[in-house]
$ cat input-v8.cif   # mmCIF, C-alpha atoms
data_run
loop_
_atom_site.label_atom_id
_atom_site.label_comp_id
_atom_site.auth_asym_id
_atom_site.auth_seq_id
_atom_site.Cartn_x
_atom_site.Cartn_y
_atom_site.Cartn_z
CA MET Q 1 -59.61 148.51 -38.17
CA ILE Q 2 -63.02 148.44 -39.91
CA ILE Q 3 -62.30 144.97 -41.33
CA TYR Q 4 -61.27 143.76 -37.86
CA THR Q 5 -64.50 145.10 -36.31
CA LEU Q 6 -66.69 143.65 -39.05
CA SER Q 7 -64.92 140.28 -38.75
CA PHE Q 8 -65.41 140.28 -34.99
CA TYR Q 9 -69.14 141.00 -35.26
CA LEU Q 10 -69.52 138.43 -38.03
CA PHE Q 11 -67.77 135.62 -36.13
CA SER Q 12 -69.43 136.46 -32.81
CA THR Q 13 -72.92 136.71 -34.31
CA ILE Q 14 -72.64 133.38 -36.12
CA ALA Q 15 -71.14 131.75 -33.01
CA VAL Q 16 -73.98 132.94 -30.76
CA LEU Q 17 -76.69 132.00 -33.28
CA SER Q 18 -75.20 128.56 -33.88
CA ALA Q 19 -74.90 128.01 -30.11
CA LEU Q 20 -78.59 128.83 -29.75
CA MET Q 21 -79.41 126.43 -32.57
CA VAL Q 22 -77.47 123.67 -30.76
CA ILE Q 23 -79.89 123.72 -27.84
CA SER Q 24 -83.04 124.56 -29.83
CA SER Q 25 -82.70 122.20 -32.79
CA LYS Q 26 -85.00 119.18 -32.70
CA ASN Q 27 -82.65 116.96 -34.68
CA SER Q 28 -79.55 115.78 -32.82
CA VAL Q 29 -77.47 115.57 -36.00
CA HIS Q 30 -78.30 119.19 -36.80
CA SER Q 31 -77.31 120.15 -33.25
CA VAL Q 32 -73.87 118.58 -33.69
CA LEU Q 33 -73.41 120.34 -37.04
CA PHE Q 34 -74.32 123.69 -35.45
CA LEU Q 35 -71.86 122.87 -32.66
CA ILE Q 36 -69.10 122.43 -35.24
CA LEU Q 37 -70.07 125.77 -36.80
CA SER Q 38 -69.89 127.42 -33.38
CA PHE Q 39 -66.41 125.96 -32.79
CA VAL Q 40 -65.17 127.22 -36.16
CA ASN Q 41 -66.37 130.76 -35.46
CA ALA Q 42 -64.88 130.66 -31.98
CA ALA Q 43 -61.58 129.70 -33.59
CA GLY Q 44 -61.95 132.75 -35.85
CA LEU Q 45 -62.39 134.93 -32.75
CA PHE Q 46 -59.21 133.45 -31.26
CA VAL Q 47 -57.33 134.34 -34.45
CA LEU Q 48 -58.57 137.93 -34.21
CA LEU Q 49 -57.34 138.07 -30.60
CA GLY Q 50 -53.88 136.87 -31.66
CA ALA Q 51 -54.21 133.43 -30.04
CA GLU Q 52 -53.60 131.36 -33.15
CA PHE Q 53 -52.43 128.35 -31.12
CA LEU Q 54 -55.76 128.12 -29.28
CA ALA Q 55 -57.59 128.52 -32.58
CA MET Q 56 -55.74 125.59 -34.16
CA ILE Q 57 -56.21 123.47 -31.03
CA LEU Q 58 -59.94 124.23 -31.11
CA LEU Q 59 -60.19 123.16 -34.74
CA VAL Q 60 -57.99 120.07 -34.50
CA VAL Q 61 -59.15 118.69 -31.13
CA TYR Q 62 -62.78 119.75 -30.81
CA VAL Q 63 -63.92 120.00 -34.41
CA GLY Q 64 -61.69 117.28 -35.83
CA ALA Q 65 -62.13 114.74 -33.05
CA VAL Q 66 -64.75 115.43 -30.41
CA ALA Q 67 -67.52 116.97 -32.53
CA VAL Q 68 -67.08 114.42 -35.33
CA LEU Q 69 -67.18 111.63 -32.74
CA PHE Q 70 -70.40 113.08 -31.34
CA LEU Q 71 -71.82 113.17 -34.85
CA PHE Q 72 -71.04 109.51 -35.51
CA VAL Q 73 -72.40 108.44 -32.11
CA VAL Q 74 -75.63 110.40 -32.58
CA MET Q 75 -76.10 108.98 -36.09
CA MET Q 76 -75.54 105.40 -34.89
CA LEU Q 77 -77.79 105.64 -31.82
CA ASP Q 78 -81.51 105.05 -32.15
CA ILE Q 79 -82.80 107.74 -29.82
CA ASN Q 80 -86.42 107.66 -28.73
CA TYR Q 81 -87.29 111.34 -28.55
CA ILE Q 82 -90.72 110.70 -26.98
CA LYS Q 83 -89.21 109.05 -23.90
CA LEU Q 84 -86.50 111.68 -23.85
CA ARG Q 85 -89.02 114.51 -23.55
CA GLU Q 86 -91.03 112.80 -20.82
CA GLY Q 87 -88.58 113.77 -18.06
CA PHE Q 88 -88.19 117.39 -19.20
CA LEU Q 89 -90.34 118.93 -16.45
CA GLN Q 90 -88.64 116.78 -13.84
CA TYR Q 91 -85.21 118.28 -14.53
CA LEU Q 92 -86.45 121.80 -15.34
CA PRO Q 93 -85.74 123.33 -11.86
CA PHE Q 94 -82.22 121.90 -11.88
CA GLY Q 95 -81.63 123.32 -15.37
CA VAL Q 96 -82.92 126.75 -14.33
CA LEU Q 97 -80.59 126.69 -11.29
CA LEU Q 98 -77.60 125.83 -13.49
CA GLY Q 99 -78.56 128.61 -15.89
CA ILE Q 100 -78.69 131.17 -13.08
CA VAL Q 101 -75.29 130.05 -11.77
CA LEU Q 102 -73.83 130.33 -15.27
CA ILE Q 103 -75.26 133.84 -15.75
CA VAL Q 104 -73.84 134.94 -12.40
CA GLU Q 105 -70.40 133.56 -13.26
CA LEU Q 106 -70.43 135.26 -16.67
CA GLY Q 107 -71.46 138.54 -15.01
CA ILE Q 108 -68.57 138.25 -12.57
CA ALA Q 109 -66.20 137.54 -15.46
CA PHE Q 110 -67.40 140.49 -17.53
CA PHE Q 111 -67.58 143.08 -14.75
CA THR Q 112 -64.31 142.17 -13.04
CA GLU Q 113 -61.62 144.66 -14.03
CA THR Q 114 -58.58 142.46 -13.51
CA PHE Q 115 -58.17 138.75 -12.94
CA SER Q 116 -54.55 139.03 -11.85
CA GLU Q 117 -51.94 141.57 -10.84
CA MET Q 118 -51.40 142.53 -14.49
CA SER Q 119 -54.25 143.22 -16.89
CA LEU Q 120 -54.36 141.72 -20.38
CA VAL Q 121 -53.68 145.08 -22.00
CA GLU Q 122 -50.57 145.68 -19.90
CA TYR Q 123 -49.44 142.11 -20.49
CA ALA Q 124 -49.81 142.44 -24.26
CA GLN Q 125 -47.85 145.73 -24.31
CA MET Q 126 -44.74 144.21 -22.75
CA PRO Q 127 -41.84 144.38 -25.23
CA GLU Q 128 -40.70 140.79 -24.71
CA ILE Q 129 -44.25 139.58 -25.35
CA THR Q 130 -44.86 141.50 -28.55
CA ILE Q 131 -41.79 140.12 -30.28
CA THR Q 132 -42.50 136.50 -29.26
CA GLU Q 133 -44.91 134.21 -31.07
CA ASN Q 134 -47.97 133.00 -29.22
CA THR Q 135 -47.11 129.31 -29.57
CA LYS Q 136 -43.50 129.84 -28.46
CA LEU Q 137 -44.64 131.83 -25.42
CA LEU Q 138 -47.12 129.13 -24.38
CA GLY Q 139 -44.48 126.43 -24.78
CA PHE Q 140 -42.00 128.46 -22.73
CA VAL Q 141 -44.47 128.87 -19.84
CA LEU Q 142 -45.66 125.26 -20.07
CA TYR Q 143 -42.19 123.70 -19.99
CA THR Q 144 -40.68 126.00 -17.36
CA LYS Q 145 -43.19 127.19 -14.77
CA TYR Q 146 -45.71 124.36 -15.15
CA PHE Q 147 -43.30 121.60 -16.22
CA TYR Q 148 -43.91 119.25 -13.28
CA LEU Q 149 -47.69 119.72 -13.42
CA PHE Q 150 -47.59 119.01 -17.16
CA GLN Q 151 -45.63 115.79 -16.62
CA ILE Q 152 -47.91 114.68 -13.78
CA SER Q 153 -51.01 115.22 -15.94
CA GLY Q 154 -49.39 113.18 -18.71
CA ILE Q 155 -48.65 110.33 -16.29
CA ILE Q 156 -52.25 110.39 -15.01
CA LEU Q 157 -53.60 110.21 -18.56
CA LEU Q 158 -51.20 107.36 -19.37
CA VAL Q 159 -52.30 105.37 -16.30
CA ALA Q 160 -55.95 105.99 -17.16
CA MET Q 161 -55.39 104.78 -20.73
CA ILE Q 162 -53.57 101.62 -19.57
CA GLY Q 163 -56.29 100.95 -16.98
CA SER Q 164 -59.10 101.30 -19.52
CA ILE Q 165 -57.31 98.97 -21.93
CA THR Q 166 -56.70 96.41 -19.17
CA LEU Q 167 -60.32 96.47 -18.00
CA THR Q 168 -61.76 96.09 -21.48
CA LEU Q 169 -59.24 93.52 -22.80
CA ARG Q 170 -60.77 90.08 -23.25
CA GLN Q 171 -58.81 86.90 -23.76
CA ARG Q 172 -60.36 84.76 -26.49
CA GLU Q 173 -59.19 81.37 -27.66
CA ILE Q 174 -60.47 81.97 -31.18
CA SER Q 175 -58.44 85.12 -31.74
CA LYS Q 176 -55.02 84.69 -33.31
CA LYS Q 177 -52.04 86.12 -31.46
CA GLN Q 178 -48.61 87.13 -32.59
CA ILE Q 179 -45.84 85.37 -30.63
CA ILE Q 180 -42.57 87.14 -31.34
CA SER Q 181 -40.32 84.42 -29.87
CA ASP Q 182 -41.85 81.71 -32.10
CA GLN Q 183 -41.42 83.90 -35.15
CA ASN Q 184 -37.77 84.61 -34.37
CA ASN Q 185 -37.01 80.91 -33.73
CA ALA Q 186 -38.83 79.69 -36.85
CA ASP Q 187 -36.79 77.88 -39.50
CA ALA Q 188 -37.10 79.52 -42.89
CA SER Q 189 -36.43 76.24 -44.72
CA LYS Q 190 -39.48 74.62 -43.12
CA ALA Q 191 -41.73 77.62 -43.48
CA ILE Q 192 -41.03 78.32 -47.14
CA ILE Q 193 -41.38 75.73 -49.88
CA LYS Q 194 -39.55 76.50 -53.10
CA LYS Q 195 -40.96 75.06 -56.29
CA LYS Q 196 -39.83 75.54 -59.83
CA ILE Q 197 -42.81 76.09 -62.06
CA LYS Q 198 -42.50 75.21 -65.70
CA LEU Q 199 -43.81 77.49 -68.35
CA ARG Q 200 -47.49 77.04 -69.27
CA GLU Q 201 -47.99 74.64 -66.33
CA GLY Q 202 -49.54 75.12 -62.92
CA ILE Q 203 -48.32 73.97 -59.55
#
$ encode --input "input-v8.cif" --output "structure tokens"
Amino acid sequence: MIIYTLSFYLFSTIAVLSALMVISSKNSVHSVLFLILSFVNAAGLFVLLGAEFLAMILLVVYVGAVAVLFLFVVMMLDINYIKLREGFLQYLPFGVLLGIVLIVELGIAFFTETFSEMSLVEYAQMPEITITENTKLLGFVLYTKYFYLFQISGIILLVAMIGSITLTLRQREISKKQIISDQNNADASKAIIKKKIKLREGI
């Protein structure tokens, strides 16, 4: 129990400090690196809570894809920090308003006793839950109760991907294309020339 408590305070402290460094660091590359560190510690907190599936998803999706993509984009962009800081006072009231809304929402989340009919403690003490793995339980709920919503979200993402590809696809005469019908109807005897090369002589 002592190791669990120490691990919790270690992960949470590093996560909070790295999150503060994300918004206070002057270098954008350093901010992205601190963001990755915050994600890793948040994944450690998920492991301590028994949600190993969410921890792996956080590492694979956010750290492995999104944060690394942000890092490459920030490194490739030539950001003018002087122009970026010129409009700081203009958006300061809007930022303060968003901060107040976020603090109110976090207060509601922390001081609310139950979010549903069954609390998390009662839900975790159910016998059928304790003997089932976290990933298996999530898959069971996702493919039974929320199956149609899951399929609809997949179709929406597929349509969005096809639409983005269609809008950005450009037809160019210079680019070479692969025509499957011409390749299947090609004569191998005309396409391949067989020559017998003598020893110590070139073609």
$ residues_around --input "input-v8.cif" --residues "segment 30-46 of chain Q" --least-positions-apart "5" --cutoff "10 Å" --atoms "only C-alpha atoms" --output "MDAnalysis selection string"
chainID Q and resid 7:25 51:59 62:64 66:72 74
$ atom_distance --input "input-v8.cif" --atom1 "atom CA of Val60 of chain Q" --atom2 "atom CA of Val47 of chain Q"
14.3 Å
$ atom_distance --input "input-v8.cif" --atom1 "atom CA of Asn134 of chain Q" --atom2 "atom CA of Ile3 of chain Q"
22.3 Å
$ atom_distance --input "input-v8.cif" --atom1 "atom CA of Leu48 of chain Q" --atom2 "atom CA of Thr5 of chain Q"
9.5 Å
